[in-house]
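Below is one structure, written out as structure tokens, with a few remarks after it.
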Amino acid sequence: MIEEKRKKLAMIVFSGDMDKLFAAFTIAAGAAASKMDVTMFFTFWGLRALKKKARTGKSFLGRLLGVFYGGDISRSTPSKMSFGGIGRWMFKKMMKAKRVPSLSELRQTALELGVKLHGCQMSMAVMEIPQETMIDDVAQCVGVAAFIEQAQQADITLFI
Amino acid sequence: MIEEKRKKLAMIVFSGDMDKLFAAFTIAAGAAASKMDVTMFFTFWGLRALKKKARTGKSFLGRLLGVFYGGDISRSTPSKMSFGGIGRWMFKKMMKAKRVPSLSELRQTALELGVKLHGCQMSMAVMEIPQETMIDDVAQCVGVAAFIEQAQQADITLFI
Amino acid sequence: MIEEKRKKLAMIVFSGDMDKLFAAFTIAAGAAASKMDVTMFFTFWGLRALKKKARTGKSFLGRLLGVFYGGDISRSTPSKMSFGGIGRWMFKKMMKAKRVPSLSELRQTALELGVKLHGCQMSMAVMEIPQETMIDDVAQCVGVAAFIEQAQQADITLFI
């Protein structure tokens with residue numbers, strides 16, 4: 001019996017916007033459901049998708065960033081029509097009306113389907129977001145070389 | 001005589017910004033002109049690129065979204081320097097001065113070169129944009145699995 | 001002795017945001033350090049990454065664009081929390097504290113590792129940014145067909 005080689009998807013998630021995270025996790029879960037190996041690398045604003053509710057930041061600027069851009073995945077706002085939080089409320093309501101899962105439910109589904117989540121070490125250092133403030137499901141925090149290695153072997157590569 | 005296998009491009013168009021749509025259709029038309037099979041999947045804000053002028057939305061929030069983000073492809077605004085519509089006017093003028101085609105002309109060229117346009121079913125449901133409000137050239141409205149299938153076989157995959 | 005075929009990365013840099021340029025050059029330099037052939041195509045706002053400090057624009061609108069979006073790579077602002085320049089200052093300070101190189105240092109590293117930088121002819125014409133206002137390291141200014149050709153052969157393709 002010959003086992004077919006699984007196809008691979010490597011994704012960089014740079015954005016922390018609600019709508020883009022939604023697209024990222026939908027594609028990731030969809031690919032995993034189609035028997036692909038899926039690896040997501042979260043960098044910069046995308047790190048929010050891996051965070052617990054915990055406050056972050058050590059230096060003055062780091063804490064400031066933690067306040068302005070704090071919170072976990074449920075606090076992300078859409079890239080358009082944000083309106084100081086109204087957009088988030090609106091989209092959550094519209095998604096619920098169509099029985100679309102929430103972002104954290106979608107992330108959970110992705111994890112259950114075997115999607116691997118990685119944080120970018122350099123962004124974590126610069127933005128002062130330590131691994132302790134991230135959800136336990138984060139596989140490992142890695143550098144750019146690890147992404148390059150995965151992406152070289154991938155059948156699909158996306159930057160979101 | 002052996003027919004060479006055509007190369008494939010699969011593109012997700014998430015953005016509805018004038019400048020990003022311009023990039024998306026330029027790449028799509030360019031690839032089709034180079035004898036590639038090109039498939040574009042429009043999701044979220046990108047759905048605007050497929051819309052007629054018709055108003056959308058059924059629920060209160062859906063109608064509100066339709067008003068704030070209504071209109072067809074010609075109403076898209078640039079991602080930077082939007083200035084409440086001045087940016088759109090400015091870029092249109094600058095593009096015309098260099099004899100660059102408009103967005104709807106560019107979309108028409110892409111279609112004539114065989115580019116296939118698909119809408120994302122889930123976004124259409126959530127944003128309450130029914131297929132009747134879309135241009136007739138939209139091939140089919142599909143789910144994420146259809147994109148994954150195309151992207152697996154593609155030589156180039158982009159998220160815009 | 002057989003020389004192994006080098007893997008290729010083709011990247012479109014559409015964004016001129018500080019944080020996205022940072023991601024783009026980090027990935028490019030990382031890939032080049034992993035012995036990949038890397039080609040970056042700068043279009044629209046991304047052209048800033050190739051500019052000298054020189055003012056651009058010939059027509060009234062072109063000059064206006066040059067003023068509002070002028071400056072070289074060091075004048076780019078983050079895509080979030082820009083706050084009229086405060087965000088740029090903040091991120092520069094936070095990056096320096098972690099000994100992360102500046103954007104122009106990172107671009108220099110990429111160049112030294114053999115990364116090739118191209119400007120998009122059409123955007124340069126529309127935005128009235130002539131090649132004389134760009135740094136000398138820009139390899140060539142090309143059209144979309146040149147990108148498609150590179151991307152077809154690439155192992156990784158990204159749109160940033």
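Identifiers in this document derive from the order of the structure tokens: chains are assigned A, B, ..., residues are numbered from 1 separately in each chain, and ligands are numbered from 1 in order of occurrence.
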For this session: For chain B, list the residues within 12 Å of chain A, counting only C-alpha atoms, and write the list as JSON, numbers by chain.
Result: {"B": [9, 10, 11, 12, 13, 14, 15, 16, 17, 42, 43, 44, 45, 46, 57, 58, 59, 60, 61, 62, 63, 64, 65, 66, 67, 68, 69, 77, 79, 120, 121, 122, 123, 124, 125, 126, 127, 128, 143, 144, 145, 146, 147, 148, 149, 150, 151, 152, 153, 154, 155, 156, 157, 158, 159, 160]}
Exercise. Among region 26-101 of chain B, which ones does DSSP place in helix (DSSP H, G or I), written as an MDAnalysis selection string?
Worked result: chainID B and resid 26:33 44:50 60:68 73:75 83:97
For this session: Check the smallest atom-to-atom distance from each of B:Cys141, B:His118, B:Lys53, B:Ile73 to Leu106 (chain B) using only C-alpha atoms, then report the winner.
Result: B:Ile73
Problem set entry | Distance in Å - CA of Gly85 (chain A) versus CA of Arg55 (chain B) |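 So the answer is 24.8 Å.
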Exercise. Which neighbours of Asp72 (chain B) fall inside 10 Å, counting only C-alpha atoms, when residues of the same chain fewer than 4 positions from it are skipped, and could you give them as a PyMOL selection string?
Worked result: chain B and resi 47-55+76+104+133-135
Export of the given selection (all heavy atoms) as a compact mmCIF listing (two decimals), in the first residue's frame:
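See out25.txt below for the written result:
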# COMPACT_ATOMS: atom_id res chain seq x y z
N LEU B 47 -15.71 41.36 -2.79
CA LEU B 47 -16.96 41.10 -3.51
C LEU B 47 -17.43 42.34 -4.29
O LEU B 47 -18.10 42.21 -5.30
CB LEU B 47 -18.06 40.67 -2.53
CG LEU B 47 -17.90 39.25 -1.96
CD1 LEU B 47 -18.96 38.99 -0.90
CD2 LEU B 47 -17.99 38.20 -3.06
N ARG B 48 -17.03 43.51 -3.80
CA ARG B 48 -17.42 44.73 -4.53
C ARG B 48 -17.03 44.65 -6.01
O ARG B 48 -17.73 45.19 -6.87
CB ARG B 48 -16.76 45.95 -3.89
CG ARG B 48 -16.80 47.15 -4.81
CD ARG B 48 -16.20 48.37 -4.18
NE ARG B 48 -17.20 49.03 -3.35
CZ ARG B 48 -16.91 49.98 -2.49
NH1 ARG B 48 -15.66 50.35 -2.33
NH2 ARG B 48 -17.86 50.56 -1.79
N ALA B 49 -15.91 44.01 -6.27
CA ALA B 49 -15.41 43.94 -7.65
C ALA B 49 -16.35 43.19 -8.57
O ALA B 49 -16.23 43.24 -9.79
CB ALA B 49 -14.03 43.29 -7.67
N LEU B 50 -17.31 42.45 -8.00
CA LEU B 50 -18.24 41.66 -8.81
C LEU B 50 -19.64 42.27 -8.84
O LEU B 50 -20.53 41.74 -9.50
CB LEU B 50 -18.34 40.24 -8.23
CG LEU B 50 -17.04 39.45 -8.08
CD1 LEU B 50 -17.33 38.06 -7.54
CD2 LEU B 50 -16.30 39.36 -9.40
N LYS B 51 -19.83 43.36 -8.13
CA LYS B 51 -21.19 43.89 -7.96
C LYS B 51 -21.68 44.79 -9.08
O LYS B 51 -20.90 45.53 -9.68
CB LYS B 51 -21.28 44.65 -6.63
CG LYS B 51 -21.63 43.75 -5.46
CD LYS B 51 -21.52 44.50 -4.16
CE LYS B 51 -22.57 45.61 -4.07
NZ LYS B 51 -22.31 46.45 -2.88
N LYS B 52 -22.96 44.71 -9.34
CA LYS B 52 -23.64 45.74 -10.12
C LYS B 52 -23.88 46.93 -9.20
O LYS B 52 -23.60 46.88 -8.01
CB LYS B 52 -25.00 45.22 -10.59
CG LYS B 52 -24.95 44.13 -11.63
CD LYS B 52 -26.38 43.84 -12.12
CE LYS B 52 -26.50 42.39 -12.55
NZ LYS B 52 -27.88 41.89 -12.45
N LYS B 53 -24.51 47.95 -9.71
CA LYS B 53 -24.77 49.14 -8.88
C LYS B 53 -25.83 48.88 -7.81
O LYS B 53 -26.01 49.68 -6.90
CB LYS B 53 -25.20 50.32 -9.76
CG LYS B 53 -24.13 51.40 -9.82
CD LYS B 53 -24.56 52.56 -10.68
CE LYS B 53 -23.37 53.38 -11.14
NZ LYS B 53 -23.66 54.09 -12.37
N ALA B 54 -26.51 47.77 -7.90
CA ALA B 54 -27.65 47.47 -7.02
C ALA B 54 -27.33 47.57 -5.53
O ALA B 54 -26.24 47.22 -5.08
CB ALA B 54 -28.17 46.08 -7.33
N ARG B 55 -28.30 48.06 -4.76
CA ARG B 55 -28.24 48.05 -3.31
C ARG B 55 -28.33 46.61 -2.79
O ARG B 55 -29.01 45.78 -3.38
CB ARG B 55 -29.42 48.83 -2.71
CG ARG B 55 -29.17 50.29 -2.51
CD ARG B 55 -28.24 50.51 -1.33
NE ARG B 55 -27.49 51.77 -1.46
CZ ARG B 55 -28.00 52.96 -1.21
NH1 ARG B 55 -29.23 53.08 -0.80
NH2 ARG B 55 -27.27 54.05 -1.36
N SER B 76 -14.95 52.01 -5.67
CA SER B 76 -13.90 51.62 -4.72
C SER B 76 -12.94 52.80 -4.52
O SER B 76 -12.74 53.61 -5.41
CB SER B 76 -13.14 50.42 -5.26
OG SER B 76 -12.54 50.73 -6.49
N SER B 104 -13.10 48.91 -14.42
CA SER B 104 -14.10 48.05 -15.08
C SER B 104 -13.63 47.65 -16.48
O SER B 104 -13.92 46.54 -16.93
CB SER B 104 -15.50 48.68 -15.08
OG SER B 104 -15.43 50.02 -15.46
N THR B 133 -27.25 40.47 -7.50
CA THR B 133 -26.71 41.83 -7.51
C THR B 133 -25.30 41.86 -8.11
O THR B 133 -24.62 42.87 -8.06
CB THR B 133 -26.65 42.42 -6.09
OG1 THR B 133 -25.75 41.63 -5.31
CG2 THR B 133 -28.02 42.41 -5.43
N MET B 134 -24.89 40.72 -8.65
CA MET B 134 -23.54 40.64 -9.23
C MET B 134 -23.60 40.65 -10.76
O MET B 134 -24.62 40.29 -11.34
CB MET B 134 -22.86 39.36 -8.78
CG MET B 134 -22.50 39.39 -7.31
SD MET B 134 -21.60 37.89 -6.89
CE MET B 134 -21.07 38.31 -5.23
N ILE B 135 -22.50 41.02 -11.38
CA ILE B 135 -22.44 41.04 -12.85
C ILE B 135 -22.60 39.61 -13.39
O ILE B 135 -22.29 38.64 -12.70
CB ILE B 135 -21.12 41.65 -13.36
CG1 ILE B 135 -19.90 40.91 -12.78
CG2 ILE B 135 -21.04 43.13 -13.02
CD1 ILE B 135 -18.59 41.27 -13.44
For this session: Return as a ChimeraX atom specification the full set of residues in region 3-150 of chain A whose backbone-based DSSP assignment is strand (DSSP E or B).
Result: /A:8-13,37-42,51,116-120,134,140-142
Please produce a file of the residues just selected, as a tab-separated table (two decimals), in the first residue's frame, where the atoms kept are N, CA and C atoms.
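Generated output (selection16.tsv):
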chain	number	residue	atom	x	y	z
A	8	LYS	N	0.94	20.49	1.12
A	8	LYS	CA	1.24	21.40	2.23
A	8	LYS	C	0.80	22.85	1.95
A	9	LEU	N	0.35	23.51	3.00
A	9	LEU	CA	0.04	24.93	2.94
A	9	LEU	C	0.84	25.65	4.02
A	10	ALA	N	1.59	26.68	3.62
A	10	ALA	CA	2.32	27.51	4.58
A	10	ALA	C	1.78	28.93	4.49
A	11	MET	N	1.42	29.50	5.62
A	11	MET	CA	0.76	30.80	5.63
A	11	MET	C	1.45	31.73	6.62
A	12	ILE	N	1.74	32.96	6.19
A	12	ILE	CA	2.18	33.98	7.14
A	12	ILE	C	0.97	34.83	7.46
A	13	VAL	N	0.67	34.97	8.74
A	13	VAL	CA	-0.43	35.84	9.14
A	13	VAL	C	0.17	37.08	9.79
A	37	ASP	N	-1.34	19.37	5.06
A	37	ASP	CA	-0.58	19.77	6.24
A	37	ASP	C	-0.52	21.28	6.27
A	38	VAL	N	-1.01	21.90	7.31
A	38	VAL	CA	-1.11	23.36	7.34
A	38	VAL	C	-0.27	23.94	8.47
A	39	THR	N	0.58	24.90	8.12
A	39	THR	CA	1.39	25.60	9.11
A	39	THR	C	1.14	27.09	9.00
A	40	MET	N	0.80	27.73	10.12
A	40	MET	CA	0.56	29.17	10.13
A	40	MET	C	1.64	29.85	10.97
A	41	PHE	N	2.27	30.89	10.40
A	41	PHE	CA	3.28	31.68	11.11
A	41	PHE	C	2.68	33.04	11.42
A	42	PHE	N	2.56	33.37	12.68
A	42	PHE	CA	1.96	34.64	13.06
A	42	PHE	C	3.05	35.64	13.39
A	51	LYS	N	-2.87	35.19	21.34
A	51	LYS	CA	-2.77	35.70	22.70
A	51	LYS	C	-3.91	35.27	23.62
A	116	LYS	N	-0.94	23.69	12.51
A	116	LYS	CA	0.11	24.07	13.47
A	116	LYS	C	0.27	25.59	13.50
A	117	LEU	N	0.31	26.13	14.72
A	117	LEU	CA	0.44	27.58	14.90
A	117	LEU	C	1.81	27.94	15.45
A	118	HIS	N	2.51	28.86	14.78
A	118	HIS	CA	3.82	29.30	15.26
A	118	HIS	C	3.83	30.81	15.44
A	119	GLY	N	4.53	31.28	16.47
A	119	GLY	CA	4.74	32.72	16.62
A	119	GLY	C	6.11	33.10	16.09
A	120	CYS	N	6.22	34.32	15.61
A	120	CYS	CA	7.51	34.82	15.08
A	120	CYS	C	8.31	35.42	16.23
A	134	MET	N	0.62	33.65	25.61
A	134	MET	CA	-0.04	33.03	24.45
A	134	MET	C	-0.78	31.76	24.85
A	140	GLN	N	5.34	26.37	18.67
A	140	GLN	CA	6.72	26.75	18.89
A	140	GLN	C	6.90	28.16	18.34
A	141	CYS	N	7.82	28.90	18.92
A	141	CYS	CA	8.09	30.21	18.36
A	141	CYS	C	9.39	30.14	17.59
A	142	VAL	N	9.35	30.61	16.37
A	142	VAL	CA	10.44	30.35	15.44
A	142	VAL	C	10.90	31.62	14.72
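Interatomic distance, CA of Lys35 (chain C) to CA of Ser102 (chain C): 22.9 Å.
Reported to one decimal place, the separation of CA of Thr109 (chain B) from CA of Ser74 (chain B) is 15.4 Å.
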